[in-house]
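*Asks:* My structure is in input_8.txt, and what it holds is compact mmCIF, C-alpha atoms:
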```
# COMPACT_ATOMS: atom_id res chain seq x y z
CA MET A 1 -19.87 17.87 -9.40
CA LEU A 2 -18.93 17.29 -5.77
CA ILE A 3 -16.69 14.23 -5.53
CA GLY A 4 -15.98 12.58 -2.20
CA ILE A 5 -12.59 10.99 -1.53
CA PHE A 6 -11.95 8.36 1.14
CA PRO A 7 -8.15 7.89 1.46
CA ASP A 8 -6.43 5.74 4.06
CA LEU A 9 -4.70 8.40 6.18
CA ASN A 10 -3.06 5.95 8.57
CA CYS A 11 0.69 6.20 7.94
CA LEU A 12 1.08 2.62 9.24
CA SER A 13 -0.88 1.31 6.26
CA GLY A 14 2.19 1.41 4.01
CA GLY A 15 1.63 1.50 0.28
CA VAL A 16 -2.08 2.37 0.33
CA TYR A 17 -1.31 5.37 2.54
CA GLN A 18 1.35 6.57 0.10
CA TYR A 19 -0.93 5.92 -2.87
CA GLY A 20 -3.68 7.99 -1.28
CA LEU A 21 -1.31 10.92 -0.75
CA THR A 22 -0.21 10.71 -4.38
CA MET A 23 -3.80 10.82 -5.57
CA LEU A 24 -4.64 13.76 -3.28
CA HIS A 25 -1.56 15.58 -4.57
CA ALA A 26 -2.82 15.17 -8.15
CA LEU A 27 -6.40 16.06 -7.22
CA HIS A 28 -5.14 19.27 -5.63
CA GLY A 29 -4.22 20.44 -9.12
CA LEU A 30 -7.60 19.42 -10.53
CA ARG A 31 -9.30 21.23 -7.68
CA SER A 32 -7.33 24.38 -8.48
CA ALA A 33 -8.52 24.15 -12.09
CA GLY A 34 -12.10 24.42 -10.79
CA GLU A 35 -13.48 21.50 -12.79
CA ASP A 36 -15.05 19.82 -9.76
CA GLU A 37 -15.35 20.21 -6.02
CA PHE A 38 -13.66 17.64 -3.79
CA LEU A 39 -14.42 16.66 -0.23
CA ILE A 40 -12.26 14.32 1.83
CA PHE A 41 -13.87 11.83 4.20
CA ALA A 42 -11.65 10.40 6.93
CA ASN A 43 -11.81 7.93 9.79
CA GLN A 44 -9.61 10.28 11.81
CA ASP A 45 -10.67 13.48 13.57
CA ARG A 46 -9.37 17.01 13.00
CA SER A 47 -6.47 16.67 15.43
CA HIS A 48 -4.91 13.79 13.50
CA PRO A 49 -1.62 14.92 11.86
CA SER A 50 -2.66 13.83 8.35
CA VAL A 51 -6.04 15.54 8.63
CA ALA A 52 -4.44 18.69 10.05
CA ALA A 53 -1.92 18.77 7.18
CA LEU A 54 -4.69 18.43 4.58
CA SER A 55 -6.69 21.17 6.26
CA ARG A 56 -3.67 23.48 6.06
CA GLN A 57 -3.53 22.78 2.32
CA GLY A 58 -7.10 24.01 1.98
CA TRP A 59 -8.91 20.68 1.86
CA THR A 60 -12.26 20.25 3.57
CA VAL A 61 -12.16 17.06 5.65
CA LYS A 62 -15.24 15.45 7.19
CA PRO A 63 -15.62 12.27 9.24
CA VAL A 64 -16.94 9.21 7.44
CA GLN A 65 -19.95 9.57 9.75
CA PRO A 66 -20.57 12.01 12.61
CA PRO A 67 -18.30 10.50 15.30
CA SER A 68 -19.84 9.00 18.40
CA LEU A 69 -18.37 9.69 21.84
CA PRO A 70 -16.46 6.35 21.93
CA LYS A 71 -14.93 7.11 18.53
CA ARG A 72 -13.84 10.56 19.68
CA ALA A 73 -12.35 9.03 22.82
CA LEU A 74 -10.40 6.46 20.77
CA ALA A 75 -9.14 9.19 18.44
CA SER A 76 -7.88 11.20 21.41
CA LEU A 77 -6.23 8.10 22.87
CA GLY A 78 -4.53 7.43 19.54
CA GLN A 79 -3.06 10.92 19.60
CA ALA A 80 -1.80 10.39 23.14
CA ILE A 81 -0.13 6.97 22.80
CA GLY A 82 0.41 6.74 19.06
CA GLU A 83 -1.59 4.92 16.38
CA GLU A 84 0.66 1.86 16.31
CA SER A 85 0.32 1.31 20.07
CA LEU A 86 -3.43 1.90 19.90
CA ARG A 87 -3.93 -0.59 17.10
CA GLY A 88 -1.93 -3.25 18.92
CA ALA A 89 -3.77 -2.66 22.18
CA THR A 90 -7.15 -2.69 20.45
CA ALA A 91 -6.40 -6.00 18.70
CA TRP A 92 -5.26 -7.54 21.98
CA LEU A 93 -8.31 -6.26 23.86
CA ARG A 94 -10.66 -7.52 21.15
CA GLY A 95 -9.15 -11.00 21.46
CA GLN A 96 -9.35 -10.93 25.24
CA THR A 97 -12.97 -9.77 25.17
CA ARG A 98 -14.01 -12.55 22.82
CA GLY A 99 -12.35 -15.08 25.12
CA VAL A 100 -13.90 -13.71 28.31
CA LEU A 101 -17.39 -13.39 26.86
CA GLY A 102 -17.19 -16.69 25.03
CA LEU A 103 -18.01 -15.03 21.72
CA GLY A 104 -15.65 -17.17 19.69
CA ARG A 105 -14.80 -16.18 16.14
CA GLU A 106 -16.34 -13.22 14.37
CA ARG A 107 -19.03 -13.85 11.80
CA LEU A 108 -17.32 -13.87 8.43
CA PRO A 109 -18.89 -11.99 5.52
CA ASP A 110 -20.61 -13.78 2.65
CA PRO A 111 -19.21 -12.41 -0.63
CA ASP A 112 -22.62 -12.78 -2.28
CA ASN A 113 -24.56 -11.05 0.50
CA VAL A 114 -23.67 -7.36 0.81
CA ARG A 115 -24.26 -5.80 4.22
CA PHE A 116 -25.54 -2.39 3.16
CA ARG A 117 -24.84 0.74 5.24
CA PRO A 118 -27.66 3.17 4.37
CA GLU A 119 -26.80 5.48 7.26
CA ALA A 120 -23.26 6.00 5.96
CA GLY A 121 -24.56 6.43 2.41
CA GLN A 122 -27.03 9.04 3.59
CA TRP A 123 -24.24 10.91 5.40
CA PHE A 124 -22.22 11.09 2.17
CA ARG A 125 -25.29 12.35 0.31
CA ASP A 126 -26.09 14.89 3.02
CA CYS A 127 -22.57 16.23 2.56
CA GLY A 128 -23.30 16.66 -1.15
CA ALA A 129 -21.23 13.78 -2.60
CA GLU A 130 -22.49 12.52 -5.96
CA LEU A 131 -19.50 10.34 -6.82
CA MET A 132 -17.00 8.69 -4.46
CA LEU A 133 -13.32 8.03 -5.12
CA TYR A 134 -11.53 5.33 -3.09
CA PRO A 135 -7.69 5.24 -3.44
CA SER A 136 -7.87 1.83 -1.73
CA ALA A 137 -10.79 -0.55 -1.48
CA SER A 138 -13.12 -0.25 1.49
CA PRO A 139 -16.43 -2.04 2.11
CA LEU A 140 -17.99 1.43 2.27
CA CYS A 141 -17.55 1.79 -1.48
CA PHE A 142 -20.33 -0.70 -2.23
CA GLU A 143 -22.14 -0.84 1.13
CA THR A 144 -23.17 2.84 0.88
CA GLN A 145 -24.69 2.39 -2.62
CA LEU A 146 -23.22 5.57 -4.11
CA PRO A 147 -21.51 5.56 -7.52
CA PHE A 148 -17.78 5.07 -7.00
CA VAL A 149 -14.33 4.65 -8.54
CA VAL A 150 -12.04 2.29 -6.60
CA ALA A 151 -8.40 1.24 -6.80
CA ILE A 152 -7.77 -2.51 -6.44
CA HIS A 153 -4.06 -2.92 -5.81
CA ASP A 154 -3.71 -6.69 -5.74
CA LEU A 155 -5.66 -9.92 -5.57
CA GLN A 156 -2.99 -11.99 -3.86
CA HIS A 157 -5.54 -13.82 -1.71
CA ARG A 158 -6.62 -15.50 -4.95
CA LEU A 159 -3.14 -15.82 -6.44
CA GLN A 160 -1.02 -16.84 -3.41
CA PRO A 161 -3.37 -17.90 -0.60
CA GLU A 162 -0.57 -19.85 1.10
CA PHE A 163 0.54 -16.66 2.88
CA PRO A 164 -1.25 -16.38 6.24
CA GLU A 165 -1.62 -12.59 6.15
CA ILE A 166 -4.12 -12.91 3.29
CA SER A 167 -5.85 -16.17 4.20
CA ALA A 168 -5.65 -17.07 7.91
CA ASP A 169 -8.32 -16.39 10.53
CA GLY A 170 -10.97 -15.40 8.02
CA GLU A 171 -8.79 -12.94 6.10
CA TRP A 172 -9.42 -14.73 2.80
CA GLN A 173 -13.19 -14.39 3.23
CA ARG A 174 -12.90 -10.73 4.26
CA ARG A 175 -10.78 -9.95 1.22
CA GLU A 176 -13.02 -11.85 -1.13
CA TYR A 177 -16.08 -9.99 0.19
CA LEU A 178 -14.25 -6.70 -0.26
CA PHE A 179 -12.67 -7.14 -3.67
CA ARG A 180 -15.40 -9.16 -5.37
CA ASN A 181 -18.07 -6.62 -4.47
CA ALA A 182 -15.86 -3.61 -5.09
CA ALA A 183 -15.19 -4.95 -8.60
CA ARG A 184 -18.81 -5.90 -9.25
CA HIS A 185 -20.36 -2.60 -8.22
CA ALA A 186 -17.74 -0.02 -9.23
CA THR A 187 -18.41 2.56 -11.90
CA LEU A 188 -14.72 2.26 -12.81
CA ILE A 189 -11.84 0.24 -11.34
CA LEU A 190 -8.27 1.49 -11.07
CA THR A 191 -5.25 -0.79 -11.18
CA ASP A 192 -1.51 -0.18 -11.23
CA SER A 193 -0.55 -2.10 -14.38
CA GLU A 194 -1.67 -4.18 -17.34
CA VAL A 195 -0.83 -7.27 -15.27
CA GLY A 196 -3.12 -6.01 -12.53
CA ARG A 197 -5.84 -5.43 -15.11
CA GLU A 198 -5.45 -8.99 -16.39
CA ASP A 199 -5.77 -10.34 -12.84
CA ILE A 200 -8.98 -8.41 -12.16
CA LEU A 201 -10.60 -9.53 -15.42
CA ASN A 202 -9.41 -13.14 -15.09
CA ILE A 203 -10.58 -13.51 -11.50
CA TYR A 204 -13.76 -11.43 -11.46
CA GLY A 205 -14.70 -11.27 -15.13
CA GLU A 206 -17.37 -13.91 -14.53
CA TYR A 207 -19.26 -11.32 -12.46
CA GLY A 208 -19.94 -9.17 -15.48
CA ILE A 209 -17.00 -6.76 -15.30
CA GLU A 210 -16.46 -5.23 -18.71
CA PRO A 211 -12.81 -4.69 -19.75
CA SER A 212 -13.57 -1.02 -20.48
CA ARG A 213 -14.35 -0.47 -16.79
CA VAL A 214 -10.80 -1.38 -15.66
CA LYS A 215 -8.37 1.53 -16.03
CA VAL A 216 -4.60 1.39 -15.64
CA LEU A 217 -3.23 4.20 -13.46
CA PRO A 218 0.42 3.36 -12.66
CA PHE A 219 1.97 4.28 -9.33
CA LEU A 220 4.15 7.31 -8.74
CA PRO A 221 6.72 7.80 -5.96
CA ALA A 222 5.18 9.31 -2.85
CA PRO A 223 5.01 13.12 -3.23
CA TYR A 224 7.01 13.72 -0.04
CA LEU A 225 9.99 11.70 -1.36
CA GLY A 226 12.47 13.41 -3.63
CA ALA A 227 16.12 14.34 -3.55
CA ALA A 228 15.23 18.03 -4.02
CA THR A 229 12.70 18.05 -1.18
CA ALA A 230 14.51 15.80 1.30
CA GLU A 231 14.35 17.30 4.78
CA ILE A 232 17.18 15.14 6.14
CA GLY A 233 20.07 14.03 3.93
CA PRO A 234 22.28 10.92 4.05
CA THR A 235 24.81 12.40 6.48
CA GLN A 236 22.17 13.42 9.02
CA VAL A 237 20.39 10.06 8.70
CA HIS A 238 23.62 8.19 9.35
CA ALA A 239 24.22 10.17 12.50
CA ALA A 240 20.61 10.13 13.73
CA TYR A 241 20.17 6.37 13.40
CA ARG A 242 23.81 5.33 13.95
CA LEU A 243 23.77 3.36 10.74
CA PRO A 244 26.52 1.12 9.40
CA GLU A 245 28.83 2.84 6.92
CA ARG A 246 27.30 0.85 4.03
CA TYR A 247 23.99 -0.98 3.98
CA PHE A 248 21.14 -2.32 1.90
CA PHE A 249 17.75 -0.83 2.68
CA TYR A 250 14.35 -2.52 2.92
CA PRO A 251 11.34 -0.42 4.00
CA ALA A 252 8.62 -3.01 4.54
CA GLN A 253 6.28 -4.16 7.25
CA PHE A 254 7.07 -7.59 8.62
CA TRP A 255 4.61 -9.67 6.64
CA PRO A 256 5.84 -13.14 5.61
CA HIS A 257 5.46 -12.29 1.92
CA LYS A 258 8.04 -9.51 2.29
CA ASN A 259 10.68 -12.25 2.59
CA HIS A 260 12.95 -10.74 5.27
CA ALA A 261 14.20 -14.15 6.42
CA ARG A 262 15.77 -15.04 3.07
CA ILE A 263 17.64 -11.74 3.08
CA VAL A 264 19.12 -12.64 6.47
CA ARG A 265 20.11 -16.10 5.23
CA ALA A 266 21.69 -14.49 2.17
CA LEU A 267 23.88 -12.28 4.39
CA LYS A 268 25.15 -15.38 6.15
CA LEU A 269 25.86 -17.07 2.81
CA ILE A 270 27.86 -14.06 1.58
CA LYS A 271 29.89 -14.04 4.77
CA GLU A 272 30.70 -17.73 4.45
CA ALA A 273 31.42 -17.70 0.70
CA HIS A 274 33.27 -14.38 0.36
CA GLY A 275 34.30 -13.35 3.85
CA VAL A 276 32.37 -10.08 3.42
CA GLU A 277 30.06 -8.68 6.08
CA VAL A 278 27.12 -7.08 4.31
CA SER A 279 24.65 -5.05 6.37
CA VAL A 280 20.93 -4.53 5.89
CA VAL A 281 18.65 -1.93 7.46
CA PHE A 282 14.96 -2.79 7.93
CA CYS A 283 12.21 -0.36 8.85
CA GLY A 284 8.46 -0.68 9.09
CA SER A 285 5.60 -1.50 11.38
CA ARG A 286 5.25 -4.84 13.15
CA THR A 287 1.93 -4.42 14.95
CA GLU A 288 -0.61 -7.26 14.79
CA PRO A 289 0.21 -10.88 15.64
CA ILE A 290 1.46 -12.12 12.26
CA ARG A 291 3.87 -9.21 11.81
CA GLU A 292 5.12 -9.42 15.39
CA ARG A 293 5.71 -13.16 15.03
CA THR A 294 7.52 -12.65 11.71
CA PHE A 295 9.70 -9.92 13.21
CA ARG A 296 10.72 -12.14 16.12
CA GLU A 297 11.48 -15.03 13.79
CA VAL A 298 13.68 -12.85 11.57
CA MET A 299 15.63 -11.40 14.49
CA SER A 300 15.99 -14.83 16.12
CA LEU A 301 17.33 -16.16 12.83
CA ALA A 302 19.94 -13.40 12.66
CA HIS A 303 21.00 -14.29 16.21
CA GLU A 304 21.10 -18.00 15.42
CA LEU A 305 23.27 -17.38 12.35
CA GLN A 306 25.53 -15.09 14.40
CA ILE A 307 25.08 -12.11 12.11
CA GLU A 308 22.85 -10.00 14.33
CA ARG A 309 25.21 -7.02 14.13
CA GLN A 310 24.73 -7.00 10.34
CA VAL A 311 20.94 -6.57 10.73
CA ARG A 312 19.48 -3.27 11.92
CA TYR A 313 15.80 -2.61 12.59
CA LEU A 314 14.72 1.03 12.91
CA GLY A 315 11.02 0.52 13.65
CA TYR A 316 8.57 2.95 12.12
CA VAL A 317 10.46 5.78 10.39
CA PRO A 318 8.87 9.24 9.87
CA ASP A 319 8.28 10.36 6.28
CA ALA A 320 10.85 13.13 6.67
CA ASP A 321 13.68 10.62 7.20
CA MET A 322 12.88 8.21 4.36
CA ALA A 323 14.62 10.05 1.54
CA GLY A 324 17.91 10.19 3.43
CA LEU A 325 17.74 6.46 4.18
CA TYR A 326 17.32 5.65 0.48
CA MET A 327 20.06 8.04 -0.63
CA ALA A 328 22.55 6.65 1.86
CA ALA A 329 21.90 3.01 0.91
CA VAL A 330 23.99 0.85 -1.38
CA ALA A 331 20.71 -0.35 -2.90
CA LEU A 332 17.10 -1.19 -2.19
CA VAL A 333 16.65 -4.91 -1.58
CA MET A 334 13.04 -6.01 -2.09
CA PRO A 335 12.63 -9.74 -2.86
CA THR A 336 8.88 -9.60 -2.18
CA PHE A 337 6.40 -12.22 -3.37
CA PHE A 338 3.64 -9.67 -3.99
CA GLY A 339 2.98 -7.22 -6.80
CA PRO A 340 1.95 -6.63 -9.51
CA THR A 341 4.10 -3.49 -9.00
CA ASN A 342 5.60 -1.85 -5.93
CA ILE A 343 6.04 1.77 -4.87
CA PRO A 344 9.48 1.40 -3.15
CA VAL A 345 11.02 0.55 -6.53
CA LEU A 346 9.87 3.94 -7.83
CA GLU A 347 11.00 5.69 -4.65
CA ALA A 348 14.48 4.20 -5.01
CA TRP A 349 14.75 5.34 -8.62
CA ALA A 350 13.65 8.85 -7.63
CA LEU A 351 16.39 8.97 -5.00
CA ASN A 352 19.29 7.56 -7.06
CA CYS A 353 19.22 4.24 -5.24
CA PRO A 354 19.86 1.02 -7.22
CA VAL A 355 17.20 -1.68 -7.02
CA LEU A 356 17.21 -5.41 -6.35
CA THR A 357 13.77 -6.97 -6.59
CA SER A 358 11.86 -10.11 -7.57
CA ASP A 359 11.79 -11.75 -10.97
CA LEU A 360 8.03 -12.25 -10.90
CA ARG A 361 5.20 -11.47 -13.28
CA GLY A 362 4.25 -7.83 -12.96
CA ILE A 363 7.37 -6.83 -11.07
CA ARG A 364 9.66 -7.72 -13.97
CA GLU A 365 7.51 -5.61 -16.31
CA GLN A 366 7.72 -2.69 -13.88
CA ALA A 367 11.48 -2.94 -13.37
CA GLY A 368 12.61 -3.80 -16.90
CA ASP A 369 16.39 -3.46 -17.15
CA ALA A 370 16.55 -0.95 -14.26
CA ALA A 371 16.90 -3.54 -11.48
CA VAL A 372 18.70 -6.74 -10.61
CA LEU A 373 15.96 -9.37 -10.66
CA VAL A 374 16.16 -12.50 -8.53
CA ASP A 375 14.09 -15.58 -7.75
CA PRO A 376 12.64 -14.62 -4.34
CA ARG A 377 12.56 -18.30 -3.33
CA SER A 378 16.31 -18.71 -3.77
CA VAL A 379 18.64 -17.63 -0.96
CA GLU A 380 21.56 -18.29 -3.30
CA ALA A 381 20.19 -15.98 -6.00
CA ILE A 382 19.53 -13.20 -3.47
CA ALA A 383 23.03 -13.63 -1.99
CA ASP A 384 24.69 -13.51 -5.41
CA ALA A 385 22.81 -10.34 -6.39
CA LEU A 386 23.55 -8.64 -3.06
CA HIS A 387 27.25 -9.44 -3.37
CA ARG A 388 27.40 -8.14 -6.96
CA LEU A 389 25.75 -4.86 -5.98
CA TRP A 390 27.93 -4.52 -2.87
CA MET A 391 31.15 -4.92 -4.89
CA ASP A 392 30.33 -3.41 -8.30
CA GLU A 393 30.03 0.37 -8.38
CA THR A 394 29.69 0.39 -12.17
CA LEU A 395 26.63 -1.84 -11.95
CA ARG A 396 25.10 0.43 -9.34
CA CYS A 397 25.65 3.52 -11.48
CA GLU A 398 24.13 1.80 -14.53
CA LEU A 399 21.04 0.82 -12.55
CA ILE A 400 20.63 4.36 -11.21
CA HIS A 401 20.78 5.76 -14.75
CA ARG A 402 18.29 3.21 -16.10
CA GLY A 403 15.97 3.82 -13.18
CA GLN A 404 15.96 7.56 -13.83
CA GLN A 405 15.16 6.94 -17.49
CA ARG A 406 12.33 4.59 -16.63
CA LEU A 407 10.91 7.00 -14.06
CA ALA A 408 11.07 9.89 -16.55
CA SER A 409 8.82 7.98 -18.97
CA TYR A 410 5.81 8.54 -16.68
CA SER A 411 5.60 11.91 -14.97
CA ASP A 412 3.38 13.62 -12.42
CA ALA A 413 1.68 15.36 -15.34
CA ASP A 414 0.99 12.01 -17.03
CA TYR A 415 -0.58 10.67 -13.83
CA SER A 416 -2.73 13.77 -13.36
CA SER A 417 -3.87 13.67 -16.99
CA ARG A 418 -4.90 10.02 -16.73
CA LEU A 419 -6.69 10.63 -13.45
CA ARG A 420 -8.56 13.59 -14.96
CA GLU A 421 -9.68 11.43 -17.90
CA ILE A 422 -10.83 8.64 -15.57
CA ILE A 423 -12.90 11.02 -13.46
CA ALA A 424 -14.41 12.57 -16.59
CA GLU A 425 -15.39 9.11 -17.86
CA ALA A 426 -16.93 8.18 -14.51
CA LYS A 427 -18.97 11.40 -14.55
CA SER A 428 -20.10 10.65 -18.10
CA LEU A 429 -21.19 7.12 -17.16
CA LEU A 430 -23.01 8.50 -14.14
CA GLY A 431 -24.80 11.03 -16.36
CA GLN A 432 -25.80 8.28 -18.79
CA GLU A 433 -27.20 6.19 -15.95
CA LYS A 434 -29.20 9.14 -14.61
CA GLY A 435 -30.56 9.67 -18.12
CA ARG A 436 -31.65 6.04 -18.37
CA VAL A 437 -33.36 6.23 -14.97
CA ALA A 438 -35.20 9.41 -15.97
CA SER A 439 -36.25 7.83 -19.28
CA ARG A 440 -37.65 4.78 -17.51
CA ALA A 441 -39.52 7.02 -15.05
CA ARG A 442 -41.13 8.98 -17.91
CA SER A 443 -42.16 5.79 -19.67
CA VAL A 444 -43.92 4.60 -16.52
```
In structure tokens, how does this file's structure come out?
*Replies:*
Amino acid sequence: MLIGIFPDLNCLSGGVYQYGLTMLHALHGLRSAGEDEFLIFANQDRSHPSVAALSRQGWTVKPVQPPSLPKRALASLGQAIGEESLRGATAWLRGQTRGVLGLGRERLPDPDNVRFRPEAGQWFRDCGAELMLYPSASPLCFETQLPFVVAIHDLQHRLQPEFPEISADGEWQRREYLFRNAARHATLILTDSEVGREDILNIYGEYGIEPSRVKVLPFLPAPYLGAATAEIGPTQVHAAYRLPERYFFYPAQFWPHKNHARIVRALKLIKEAHGVEVSVVFCGSRTEPIRERTFREVMSLAHELQIERQVRYLGYVPDADMAGLYMAAVALVMPTFFGPTNIPVLEAWALNCPVLTSDLRGIREQAGDAAVLVDPRSVEAIADALHRLWMDETLRCELIHRGQQRLASYSDADYSSRLREIIAEAKSLLGQEKGRVASRARSV
């Protein structure tokens, strides 16, 4: 069977980008076994670095649809000025155009009224795709009306709608349209954990989703991150980025739910209570208005608290440098409000970096005893945990050991085996459906 894959190849997309690479890495092995043919569909053209890298690995990559001239022009512009700059400029221009033309707000989607895309569906079929695999949810998965398997990573717009990045300016409606219909129409649904499975069934079970259709496929660390494959080590990273001698590390885009501000307040509290200057290094994208505003608020707070020299922001960091940043860190600090599970925790374990993260449902099951867990709402709890990790080498070594044990309990081979079983089940369900259709046709 020819299976189409639609990964998010934009490196600025964070976790879903990493998840897509992990899935492609596993599918490469399945492709070598000759069980199925795979074809990647991408929004980017052939000159895009991610597409070029996949092509060098032997993948066939096609556009989601044959690109129009404006799309080709935008792709070329993105290569020239960088994707982050292009996305920021496009968002600004879209806002300016709506204001000038008096168009007002965009028309928000109705979750119970799918806007079908037959032309895109026909393009997939013309390319030979019989089943589609989406490492992250896209409206195309249900709008094209092809059988599909989709990963739903979180439903935080239902669980914590108070955060503006998942609810403001129509984002709640867009997410509900996406996830409700992806769940309703999927052949199979992938989720990262049993907690994620519970959320999907609790929230969308009323739409007829059978528990057997929701499959748990836990995350792995990104395939390009590993101590053995690190291109740049801790010493080189220190020199290249002029880092403080010791620091906590937080690779996260500047969304409010990532909780950067409480980390900054915790540094101030440690300084006042213990006379110790603890440093933190942030990296990640800040394009789009909410992230830019959050970034400015965090940096202004550091200035206001007079600890700005303890806070370093590196901007977007290339994949090749990430391993060295983890390995050089005292620990990962990740008091996020979102889960159910998070990839940086796994990356830290893979790179012998202790972990501090949130004591929240889903995250605590992922971390077990291999992390210091804190209430993400409490500056005092974050400060206490940071100070303990900063001062206690024995604790750090224990956490590294426990993290390695936890990571070893679920290997690349385990992930690939589960993914192979899920694809086989989807193919079986598709075959059963074709059989039912043929039977009904004969009876008519």
*Asks:* What is the distance between CA of Met1 (chain A) and CA of Ile152 (chain A), in Å to one decimal?
*Replies:*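 Value for the CA of Met1 (chain A)-CA of Ile152 (chain A) distance: 23.9 Å.
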*Asks:* Env of Arg402 (chain A): 9 Å cut, atoms = only C-alpha atoms, seq-sep filter 3 positions within chain, self excluded. Answer as a CSV table (one decimal) with C-alpha atoms, keeping the file's coordinate frame.
*Replies:*
```csv
chain,number,residue,atom,x,y,z
A,349,TRP,CA,14.8,5.3,-8.6
A,369,ASP,CA,16.4,-3.5,-17.2
A,370,ALA,CA,16.6,-1.0,-14.3
A,371,ALA,CA,16.9,-3.5,-11.5
A,397,CYS,CA,25.6,3.5,-11.5
A,398,GLU,CA,24.1,1.8,-14.5
A,399,LEU,CA,21.0,0.8,-12.6
A,405,GLN,CA,15.2,6.9,-17.5
A,406,ARG,CA,12.3,4.6,-16.6
A,407,LEU,CA,10.9,7.0,-14.1
```
*Asks:* Which residues, written as a list in words, have at least one atom at most 9 Å from region 231-247 of chain A, with all atoms listed in the file counted and residues fewer than 2 positions away on the same chain left out?
*Replies:*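 Contacts, with the query itself left out: Ala227, Ala228, Thr229, Phe249, Val278, Ser279, Val280, Val281, Gln310, Arg312, Leu314, Ala320, Asp321, Met322, Ala323, Gly324, Leu325, Tyr326, Met327, Ala328, Ala329, Val330, Ala331 and Trp390 of chain A.
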*Asks:* Please identify all polymer residues within 10 Å of region 20-35 of chain A, counting only C-alpha atoms, omitting same-chain residues fewer than 6 positions from it, and present them as a PyMOL selection string.
*Replies:* chain A and resi 1-2+5-9+50+54+57-59+133-136+151+219-224+412-413+415-417+419-420+424
*Asks:* Just give me the gap between CA of Trp255 (chain A) and CA of Asp384 (chain A) in Å, one decimal is fine.
*Replies:* 23.7 Å
